[in-house]
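Next comes target21.cif, with mmCIF, C-alpha atoms.
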```cif
data_coords
#
loop_
_atom_site.group_PDB
_atom_site.id
_atom_site.type_symbol
_atom_site.label_atom_id
_atom_site.label_comp_id
_atom_site.auth_asym_id
_atom_site.auth_seq_id
_atom_site.Cartn_x
_atom_site.Cartn_y
_atom_site.Cartn_z
ATOM 1 C CA MET S 633 -37.033 -5.943 6.509
ATOM 2 C CA ILE S 634 -35.705 -3.944 9.418
ATOM 3 C CA HIS S 635 -37.626 -3.684 12.617
ATOM 4 C CA PRO S 636 -38.603 -0.041 13.426
ATOM 5 C CA MET S 637 -36.717 -0.298 16.697
ATOM 6 C CA GLU S 638 -33.597 -1.487 14.942
ATOM 7 C CA ASN S 639 -34.021 1.264 12.448
ATOM 8 C CA GLU S 640 -33.927 3.872 15.136
ATOM 9 C CA ILE S 641 -30.812 2.354 16.644
ATOM 10 C CA LEU S 642 -29.143 2.347 13.249
ATOM 11 C CA GLU S 643 -30.014 5.987 12.681
ATOM 12 C CA ASN S 644 -28.357 6.753 15.977
ATOM 13 C CA TRP S 645 -25.250 4.915 14.979
ATOM 14 C CA VAL S 646 -25.072 6.751 11.681
ATOM 15 C CA GLU S 647 -25.259 9.992 13.610
ATOM 16 C CA GLN S 648 -22.674 8.890 16.152
ATOM 17 C CA PHE S 649 -20.088 6.922 14.218
ATOM 18 C CA THR S 650 -20.068 8.083 10.585
ATOM 19 C CA ASP S 651 -17.328 10.620 11.239
ATOM 20 C CA GLU S 652 -14.903 8.191 12.858
ATOM 21 C CA LEU S 653 -15.617 5.406 10.403
ATOM 22 C CA PHE S 654 -15.015 7.755 7.516
ATOM 23 C CA LYS S 655 -11.678 8.954 8.908
ATOM 24 C CA TRP S 656 -10.520 5.380 9.363
ATOM 25 C CA ALA S 657 -11.663 4.357 5.885
ATOM 26 C CA TYR S 658 -9.894 7.335 4.376
ATOM 27 C CA TYR S 659 -6.741 6.604 6.320
ATOM 28 C CA LYS S 660 -6.786 3.078 4.927
ATOM 29 C CA THR S 661 -7.620 3.884 1.308
ATOM 30 C CA SER S 662 -6.534 7.497 0.664
ATOM 31 C CA SER S 663 -9.592 8.004 -1.482
ATOM 32 C CA LEU S 664 -12.558 10.199 -0.591
ATOM 33 C CA GLU S 665 -15.110 8.448 -2.741
ATOM 34 C CA THR S 666 -13.944 4.978 -1.766
ATOM 35 C CA ALA S 667 -14.011 5.913 1.908
ATOM 36 C CA LYS S 668 -17.557 7.283 1.658
ATOM 37 C CA ASP S 669 -18.749 4.181 -0.181
ATOM 38 C CA LEU S 670 -17.111 1.861 2.316
ATOM 39 C CA VAL S 671 -18.780 3.602 5.254
ATOM 40 C CA GLN S 672 -22.125 3.453 3.497
ATOM 41 C CA ASP S 673 -21.632 -0.257 2.753
ATOM 42 C CA THR S 674 -20.725 -0.804 6.380
ATOM 43 C CA PHE S 675 -24.088 0.522 7.525
ATOM 44 C CA LEU S 676 -25.937 -1.488 4.890
ATOM 45 C CA VAL S 677 -24.270 -4.657 6.134
ATOM 46 C CA ALA S 678 -25.043 -3.609 9.695
ATOM 47 C CA ALA S 679 -28.717 -3.199 8.775
ATOM 48 C CA GLU S 680 -28.752 -6.610 7.218
ATOM 49 C CA LYS S 681 -27.038 -8.313 10.127
ATOM 50 C CA MET S 682 -28.582 -6.304 12.895
ATOM 51 C CA HIS S 683 -30.310 -9.394 14.319
ATOM 52 C CA THR S 684 -26.916 -11.066 14.850
ATOM 53 C CA PHE S 685 -25.572 -8.191 16.891
ATOM 54 C CA LYS S 686 -25.833 -9.378 20.454
ATOM 55 C CA GLY S 687 -24.214 -6.516 22.212
ATOM 56 C CA ASP S 688 -21.242 -8.635 23.288
ATOM 57 C CA SER S 689 -19.059 -5.938 21.851
ATOM 58 C CA SER S 690 -19.794 -2.263 21.646
ATOM 59 C CA PRO S 691 -21.620 -1.062 18.530
ATOM 60 C CA LYS S 692 -18.542 0.898 17.608
ATOM 61 C CA THR S 693 -16.314 -2.188 17.702
ATOM 62 C CA TRP S 694 -18.878 -4.115 15.712
ATOM 63 C CA LEU S 695 -19.149 -1.435 13.023
ATOM 64 C CA PHE S 696 -15.382 -1.127 12.776
ATOM 65 C CA SER S 697 -15.007 -4.865 12.297
ATOM 66 C CA ILE S 698 -17.497 -4.710 9.421
ATOM 67 C CA LEU S 699 -15.638 -1.764 7.923
ATOM 68 C CA ASN S 700 -12.299 -3.566 8.200
ATOM 69 C CA HIS S 701 -13.696 -6.497 6.275
ATOM 70 C CA LYS S 702 -14.944 -4.122 3.618
ATOM 71 C CA ILE S 703 -11.510 -2.524 3.349
ATOM 72 C CA ILE S 704 -9.812 -5.885 2.878
ATOM 73 C CA ASP S 705 -12.380 -6.825 0.228
ATOM 74 C CA PHE S 706 -11.665 -3.583 -1.526
ATOM 75 C CA TYR S 707 -7.923 -4.258 -1.653
ATOM 76 C CA ARG S 708 -8.428 -7.843 -2.642
ATOM 77 C CA LYS S 709 -10.505 -6.832 -5.640
ATOM 78 C CA LYS S 710 -7.940 -4.250 -6.603
ATOM 79 C CA SER S 711 -5.066 -6.683 -6.424
ATOM 80 C CA LYS S 712 -6.868 -9.049 -8.806
ATOM 81 C CA LYS S 713 -7.052 -6.523 -11.603
ATOM 82 C CA PRO S 714 -4.421 -7.514 -14.124
ATOM 83 C CA ILE S 715 -2.092 -4.804 -15.327
ATOM 84 C CA ALA S 716 -0.324 -4.576 -18.614
ATOM 85 C CA MET S 717 3.356 -3.943 -19.215
ATOM 86 C CA GLU S 718 4.544 -5.755 -16.124
ATOM 87 C CA ASN S 719 7.740 -6.812 -17.799
ATOM 88 C CA ASN S 720 8.506 -3.626 -19.664
ATOM 89 C CA ILE S 721 9.333 -2.032 -16.381
ATOM 90 C CA ILE S 722 12.179 -4.439 -15.827
ATOM 91 C CA SER S 723 13.722 -3.784 -19.230
ATOM 92 C CA THR S 724 13.594 -0.021 -18.656
ATOM 93 C CA PHE S 725 16.040 -0.444 -15.820
ATOM 94 C CA PHE S 726 18.028 -3.608 -16.575
ATOM 95 C CA ASP S 727 19.595 -5.076 -19.679
ATOM 96 C CA LYS S 728 19.059 -8.707 -20.552
ATOM 97 C CA ASP S 729 21.868 -9.877 -18.258
ATOM 98 C CA GLY S 730 20.160 -8.155 -15.377
ATOM 99 C CA SER S 731 22.715 -5.341 -15.065
ATOM 100 C CA TRP S 732 21.604 -1.744 -14.562
ATOM 101 C CA ARG S 733 21.195 0.202 -17.759
ATOM 102 C CA GLN S 734 23.276 3.328 -17.699
ATOM 103 C CA ASP S 735 20.289 5.672 -17.761
ATOM 104 C CA GLY S 736 18.270 3.497 -15.392
ATOM 105 C CA SER S 737 20.764 3.105 -12.579
ATOM 106 C CA PRO S 738 20.351 4.984 -9.287
ATOM 107 C CA LYS S 739 22.136 8.315 -9.120
ATOM 108 C CA ASN S 740 23.591 9.695 -5.949
ATOM 109 C CA TRP S 741 20.913 11.709 -4.153
ATOM 110 C CA HIS S 742 23.446 13.756 -2.207
ATOM 111 C CA ASP S 743 21.015 14.338 0.542
ATOM 112 C CA GLU S 744 20.671 13.408 4.131
ATOM 113 C CA GLU S 745 17.905 10.942 4.793
ATOM 114 C CA GLN S 746 16.476 12.842 7.725
ATOM 115 C CA HIS S 747 16.579 16.052 5.795
ATOM 116 C CA LEU S 748 14.473 14.488 3.045
ATOM 117 C CA LEU S 749 11.938 12.881 5.328
ATOM 118 C CA ASP S 750 11.314 16.165 7.128
ATOM 119 C CA ASN S 751 10.835 18.070 3.922
ATOM 120 C CA SER S 752 7.162 18.578 3.198
ATOM 121 C CA GLU S 753 7.762 19.220 -0.501
ATOM 122 C CA PHE S 754 9.634 15.938 -0.778
ATOM 123 C CA LYS S 755 6.740 14.183 0.921
ATOM 124 C CA GLU S 756 4.368 15.779 -1.554
ATOM 125 C CA VAL S 757 6.434 14.458 -4.489
ATOM 126 C CA LEU S 758 6.511 11.028 -2.852
ATOM 127 C CA LYS S 759 2.741 11.045 -2.532
ATOM 128 C CA ARG S 760 2.264 12.111 -6.146
ATOM 129 C CA CYS S 761 4.661 9.440 -7.385
ATOM 130 C CA LEU S 762 2.854 6.806 -5.302
ATOM 131 C CA ASP S 763 -0.481 7.889 -6.733
ATOM 132 C CA SER S 764 0.879 7.578 -10.256
ATOM 133 C CA LEU S 765 1.700 3.890 -9.773
ATOM 134 C CA PRO S 766 -0.727 1.273 -11.089
ATOM 135 C CA GLU S 767 -3.296 0.637 -8.352
ATOM 136 C CA LYS S 768 -2.190 -2.881 -7.608
ATOM 137 C CA TRP S 769 1.403 -1.811 -7.065
ATOM 138 C CA ASN S 770 0.384 1.125 -4.981
ATOM 139 C CA THR S 771 -1.666 -1.195 -2.765
ATOM 140 C CA CYS S 772 1.136 -3.688 -2.275
ATOM 141 C CA VAL S 773 3.631 -1.000 -1.332
ATOM 142 C CA LYS S 774 1.354 0.751 1.133
ATOM 143 C CA LEU S 775 -0.469 -2.140 2.755
ATOM 144 C CA LYS S 776 2.327 -3.059 5.112
ATOM 145 C CA TYR S 777 2.206 0.350 6.725
ATOM 146 C CA LEU S 778 -1.527 0.827 6.637
ATOM 147 C CA THR S 779 -2.315 -2.538 8.197
ATOM 148 C CA GLN S 780 0.853 -3.085 10.253
ATOM 149 C CA LYS S 781 0.842 -6.640 8.976
ATOM 150 C CA SER S 782 3.647 -8.961 7.966
ATOM 151 C CA GLY S 783 4.350 -9.892 4.368
ATOM 152 C CA GLU S 784 2.875 -13.347 4.948
ATOM 153 C CA GLU S 785 -0.363 -11.973 6.348
ATOM 154 C CA ILE S 786 -0.755 -9.474 3.527
ATOM 155 C CA CYS S 787 -0.319 -12.264 0.971
ATOM 156 C CA GLN S 788 -2.996 -14.315 2.691
ATOM 157 C CA GLU S 789 -5.403 -11.425 2.690
ATOM 158 C CA LEU S 790 -4.759 -10.496 -0.916
ATOM 159 C CA LYS S 791 -4.644 -14.170 -1.885
ATOM 160 C CA ILE S 792 -1.359 -13.845 -3.762
ATOM 161 C CA THR S 793 1.844 -15.826 -3.335
ATOM 162 C CA PRO S 794 4.823 -14.321 -1.506
ATOM 163 C CA SER S 795 6.997 -14.343 -4.627
ATOM 164 C CA ASN S 796 4.265 -12.602 -6.584
ATOM 165 C CA PHE S 797 4.042 -10.037 -3.801
ATOM 166 C CA TRP S 798 7.704 -9.110 -3.636
ATOM 167 C CA GLN S 799 7.981 -9.044 -7.421
ATOM 168 C CA ILE S 800 5.187 -6.491 -7.507
ATOM 169 C CA VAL S 801 6.822 -4.491 -4.731
ATOM 170 C CA HIS S 802 10.114 -4.671 -6.611
ATOM 171 C CA ARG S 803 8.596 -3.246 -9.790
ATOM 172 C CA ALA S 804 6.697 -0.638 -7.846
ATOM 173 C CA LYS S 805 9.789 0.506 -6.007
ATOM 174 C CA LEU S 806 11.882 0.681 -9.183
ATOM 175 C CA GLN S 807 9.308 2.950 -10.725
ATOM 176 C CA LEU S 808 8.768 4.957 -7.572
ATOM 177 C CA ARG S 809 12.475 5.550 -7.077
ATOM 178 C CA ASP S 810 12.811 6.645 -10.675
ATOM 179 C CA CYS S 811 9.813 8.978 -10.402
ATOM 180 C CA ILE S 812 11.293 10.626 -7.304
ATOM 181 C CA GLU S 813 14.661 11.021 -8.982
ATOM 182 C CA ASN S 814 13.085 12.667 -12.003
ATOM 183 C CA ASN S 815 10.720 14.918 -10.109
ATOM 184 C CA TRP S 816 12.767 15.861 -7.119
ATOM 185 C CA PHE S 817 16.453 15.599 -7.807
ATOM 186 C CA LYS S 818 16.485 16.912 -11.324
ATOM 187 C CA ASN S 819 14.827 20.199 -10.441
ATOM 188 C CA MET G 608 32.574 -18.653 -15.485
ATOM 189 C CA LYS G 609 29.955 -16.024 -16.042
ATOM 190 C CA LYS G 610 27.311 -18.429 -14.746
ATOM 191 C CA LEU G 611 29.307 -19.040 -11.611
ATOM 192 C CA MET G 612 29.757 -15.314 -11.154
ATOM 193 C CA THR G 613 26.042 -14.645 -11.442
ATOM 194 C CA PHE G 614 25.300 -17.443 -9.008
ATOM 195 C CA LEU G 615 27.775 -16.129 -6.455
ATOM 196 C CA PHE G 616 27.217 -12.454 -6.891
ATOM 197 C CA LEU G 617 23.742 -12.164 -8.423
ATOM 198 C CA SER G 618 22.687 -9.812 -11.185
ATOM 199 C CA CYS G 619 21.611 -6.304 -10.220
ATOM 200 C CA TYR G 620 18.079 -7.263 -11.112
ATOM 201 C CA LYS G 621 18.118 -10.180 -8.676
ATOM 202 C CA ALA G 622 19.983 -8.204 -6.041
ATOM 203 C CA THR G 623 17.424 -5.392 -6.021
ATOM 204 C CA GLU G 624 14.654 -7.963 -5.895
ATOM 205 C CA LEU G 625 16.209 -9.446 -2.762
ATOM 206 C CA ILE G 626 16.571 -5.971 -1.291
ATOM 207 C CA GLU G 627 12.813 -5.523 -1.664
ATOM 208 C CA LYS G 628 12.065 -9.025 -0.455
ATOM 209 C CA ASN G 629 14.103 -8.282 2.636
ATOM 210 C CA PHE G 630 11.716 -5.478 3.654
ATOM 211 C CA HIS G 631 8.836 -7.934 3.912
ATOM 212 C CA PHE G 632 10.220 -11.437 4.375
ATOM 213 C CA LYS G 633 13.185 -13.209 5.917
ATOM 214 C CA LEU G 634 15.979 -13.945 3.465
ATOM 215 C CA SER G 635 17.547 -17.384 3.443
ATOM 216 C CA TYR G 636 21.133 -17.773 4.554
ATOM 217 C CA LEU G 637 22.325 -18.148 0.965
ATOM 218 C CA GLU G 638 20.362 -15.101 -0.148
ATOM 219 C CA LYS G 639 21.873 -13.014 2.615
ATOM 220 C CA ILE G 640 25.398 -13.958 1.595
ATOM 221 C CA GLN G 641 24.695 -13.446 -2.095
ATOM 222 C CA LEU G 642 23.275 -10.024 -1.423
ATOM 223 C CA ARG G 643 26.136 -8.981 0.817
ATOM 224 C CA MET G 644 28.709 -10.083 -1.751
ATOM 225 C CA HIS G 645 26.874 -8.275 -4.504
ATOM 226 C CA LYS G 646 26.682 -5.022 -2.586
ATOM 227 C CA MET G 647 30.382 -5.162 -1.788
ATOM 228 C CA MET G 648 31.078 -4.879 -5.476
ATOM 229 C CA CYS G 649 28.152 -2.875 -6.728
ATOM 230 C CA ASN G 650 27.776 0.776 -5.989
ATOM 231 C CA ALA G 651 24.493 1.200 -7.822
ATOM 232 C CA CYS G 652 22.714 -1.482 -5.800
ATOM 233 C CA THR G 653 24.153 -0.176 -2.529
ATOM 234 C CA GLN G 654 22.778 3.192 -3.527
ATOM 235 C CA TYR G 655 19.477 1.604 -4.463
ATOM 236 C CA GLU G 656 19.114 -0.023 -1.064
ATOM 237 C CA LYS G 657 19.722 3.231 0.769
ATOM 238 C CA GLN G 658 17.216 5.084 -1.366
ATOM 239 C CA SER G 659 14.663 2.322 -1.181
ATOM 240 C CA LEU G 660 14.891 2.422 2.605
ATOM 241 C CA ILE G 661 14.288 6.173 2.549
ATOM 242 C CA LEU G 662 11.195 5.553 0.437
ATOM 243 C CA GLU G 663 9.963 2.865 2.852
ATOM 244 C CA LYS G 664 10.355 5.260 5.747
ATOM 245 C CA GLY G 665 8.660 8.029 3.791
ATOM 246 C CA ILE G 666 5.700 5.796 2.996
ATOM 247 C CA SER G 667 5.430 4.603 6.584
ATOM 248 C CA LYS G 668 5.223 8.190 7.808
ATOM 249 C CA MET G 669 2.825 9.367 5.194
ATOM 250 C CA ASP G 670 0.107 11.544 6.499
ATOM 251 C CA ASN G 671 -3.198 10.016 5.550
ATOM 252 C CA LYS G 672 -5.370 12.249 7.622
ATOM 253 C CA ALA G 673 -8.779 12.677 6.066
ATOM 254 C CA PRO G 674 -9.555 16.101 4.665
ATOM 255 C CA ASN G 675 -12.593 17.856 6.030
ATOM 256 C CA ILE G 676 -15.696 16.764 4.235
ATOM 257 C CA ASP G 677 -19.340 17.573 4.628
ATOM 258 C CA ILE G 678 -20.023 14.852 7.146
ATOM 259 C CA VAL G 679 -23.685 15.859 7.494
ATOM 260 C CA ALA G 680 -24.203 15.271 3.780
ATOM 261 C CA LEU G 681 -22.643 11.827 4.140
ATOM 262 C CA LYS G 682 -24.918 10.996 7.071
ATOM 263 C CA ILE G 683 -27.966 12.046 5.073
ATOM 264 C CA ARG G 684 -26.815 9.992 2.108
ATOM 265 C CA ILE G 685 -26.354 6.917 4.288
ATOM 266 C CA SER G 686 -29.686 7.369 6.071
ATOM 267 C CA SER G 687 -31.576 7.629 2.822
ATOM 268 C CA LYS G 688 -29.835 4.487 1.570
ATOM 269 C CA LEU G 689 -30.891 2.710 4.707
ATOM 270 C CA HIS G 690 -34.478 3.812 4.126
ATOM 271 C CA SER G 691 -34.558 2.527 0.590
ATOM 272 C CA PHE G 692 -33.052 -0.685 1.902
ATOM 273 C CA ASN G 693 -35.965 -0.866 4.268
#
```

Reformat the file's structure so that it appears as structure tokens.
Amino acid sequence: MIHPMENEILENWVEQFTDELFKWAYYKTSSLETAKDLVQDTFLVAAEKMHTFKGDSSPKTWLFSILNHKIIDFYRKKSKKPIAMENNIISTFFDKDGSWRQDGSPKNWHDEEQHLLDNSEFKEVLKRCLDSLPEKWNTCVKLKYLTQKSGEEICQELKITPSNFWQIVHRAKLQLRDCIENNWFKN
Amino acid sequence: MKKLMTFLFLSCYKATELIEKNFHFKLSYLEKIQLRMHKMMCNACTQYEKQSLILEKGISKMDNKAPNIDIVALKIRISSKLHSFN
């Protein structure tokens, strides 16, 4: 049960902070629906815990800390979902001795790095290829840049071991690189 | 002999795994040497590392700015949820 006073305060916060919270949640998740849900959940938690808010921090800081917890929860759940075909990926690119298969090995991109990174069409292809990865892989590849955290910290938050983490990143990058080569360099 | 070779120079599979590990964690001294030796002899993996770095940089610069949404609608949705929670 929320006190009427608290209710009014909450309403104010919704009015004031929804926009910023949403932008942050979107930045962290790249998904409209997820971002909306996370902001909504943030306010529900805030309503529930209103009595613990002492005003030591600003309401904005408090709401953002709730949202950040929600975001981590969201990624943690995602990273637990098992995905099929984990090992098939490896055999698409390497033979059983671990050497590159002829058709799987990296081709020369013949392009300057800076040139690529400034090209908005290339960035669009990169985004599409990232989105086509299995969710768990996508998360592991992006989390470092979204959270500015070290590999160790990411593993702690996702509750996976370091070797599990870099193996996922390895598979993700193999597939990502291949996707870019097929969709960008072959056109 | 082949075993010794793989230990010293790594397979391409292992080498690319270390390349990815290196983006997130510190490699051990042995791993560093193994990787360096492997790249000296392997064009494909050298290529892979360059391209993988480009991808890392691309991902780090990715524009994740939120598109414009009907923020009023979202506020209304949240308020009504809060009321039903009440």

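Counting all atoms listed in the file, the residue from G:Cys649, G:Ala673, G:Leu642, G:Ala680 that sits nearest to chain S is G:Ala673.
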
What do you get, as a short mmCIF file (atom, residue, chain, number, x, y, z; two decimals) with C-alpha atoms, in the coordinates of the input, if you spell out every residue that the PyMOL selection byres ((chain S) within 8 of (chain G)) selects here?
```cif
data_model
loop_
_atom_site.label_atom_id
_atom_site.label_comp_id
_atom_site.auth_asym_id
_atom_site.auth_seq_id
_atom_site.Cartn_x
_atom_site.Cartn_y
_atom_site.Cartn_z
CA MET S 633 -37.03 -5.94 6.51
CA ILE S 634 -35.70 -3.94 9.42
CA GLU S 643 -30.01 5.99 12.68
CA VAL S 646 -25.07 6.75 11.68
CA GLU S 647 -25.26 9.99 13.61
CA THR S 650 -20.07 8.08 10.58
CA ASP S 651 -17.33 10.62 11.24
CA LYS S 655 -11.68 8.95 8.91
CA TYR S 658 -9.89 7.34 4.38
CA TYR S 659 -6.74 6.60 6.32
CA LYS S 660 -6.79 3.08 4.93
CA SER S 662 -6.53 7.50 0.66
CA LYS S 668 -17.56 7.28 1.66
CA GLN S 672 -22.12 3.45 3.50
CA PHE S 675 -24.09 0.52 7.52
CA LEU S 676 -25.94 -1.49 4.89
CA ALA S 679 -28.72 -3.20 8.78
CA PHE S 726 18.03 -3.61 -16.58
CA ASP S 729 21.87 -9.88 -18.26
CA GLY S 730 20.16 -8.15 -15.38
CA SER S 731 22.72 -5.34 -15.06
CA TRP S 732 21.60 -1.74 -14.56
CA SER S 737 20.76 3.10 -12.58
CA PRO S 738 20.35 4.98 -9.29
CA LYS S 739 22.14 8.32 -9.12
CA ASN S 740 23.59 9.70 -5.95
CA GLU S 745 17.90 10.94 4.79
CA LEU S 749 11.94 12.88 5.33
CA LYS S 755 6.74 14.18 0.92
CA LEU S 758 6.51 11.03 -2.85
CA LYS S 759 2.74 11.04 -2.53
CA LYS S 774 1.35 0.75 1.13
CA TYR S 777 2.21 0.35 6.72
CA LEU S 778 -1.53 0.83 6.64
CA SER S 782 3.65 -8.96 7.97
CA GLY S 783 4.35 -9.89 4.37
CA GLU S 784 2.88 -13.35 4.95
CA TRP S 798 7.70 -9.11 -3.64
CA GLN S 799 7.98 -9.04 -7.42
CA VAL S 801 6.82 -4.49 -4.73
CA HIS S 802 10.11 -4.67 -6.61
CA LYS S 805 9.79 0.51 -6.01
CA ARG S 809 12.48 5.55 -7.08
#
```

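Compared by their closest atoms to Ser764 of chain S, and using all atoms listed in the file, the residues S:Glu789, S:Gln807, S:Glu638, S:Ile722 rank with S:Gln807 nearest.
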
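In this structure, atom CA of Ser663 of chain S sits 18.5 Å away from atom CA of Ile698 of chain S.
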
At a cut-off of 12 Å around the point (-25.3, -6.1, 13.1) (file coordinates), what residues fall inside when counting all atoms listed in the file? I'd like the answer as a PyMOL selection string.
chain S and resi 634+638-639+641-642+645+674-699

To box segment 760-775 of chain S, take all atoms listed in the file, fit an axis-aligned box, add 8 Å on each side, and give centre and edge lengths in Å to one decimal, as lines of an AutoDock Vina configuration file.
```
center_x = 0.7
center_y = 4.2
center_z = -4.2
size_x = 24.0
size_y = 31.8
size_z = 29.8
```

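Atom CA of Cys811 of chain S is positioned 18.7 Å from atom CA of Glu744 of chain S.
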
Would you work out the distance separating atom CA of Arg760 of chain S from atom CA of Phe797 of chain S, expressed in Å to one decimal?
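Separating atom CA of Arg760 of chain S from atom CA of Phe797 of chain S is a distance of 22.3 Å.
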
Could you expand the PyMOL selection byres ((chain S and resi 791) around 12) into the explicit residues it covers here, written as a PyMOL selection string?
chain S and resi 704-705+707-712+772+783-790+792-797

Test item: residues at most 9 Å from Phe616 of chain G, all atoms listed in the file, excluding those fewer than 4 positions along its chain, as number ranges by chain:
G: 611-612, 622, 640-646, 648
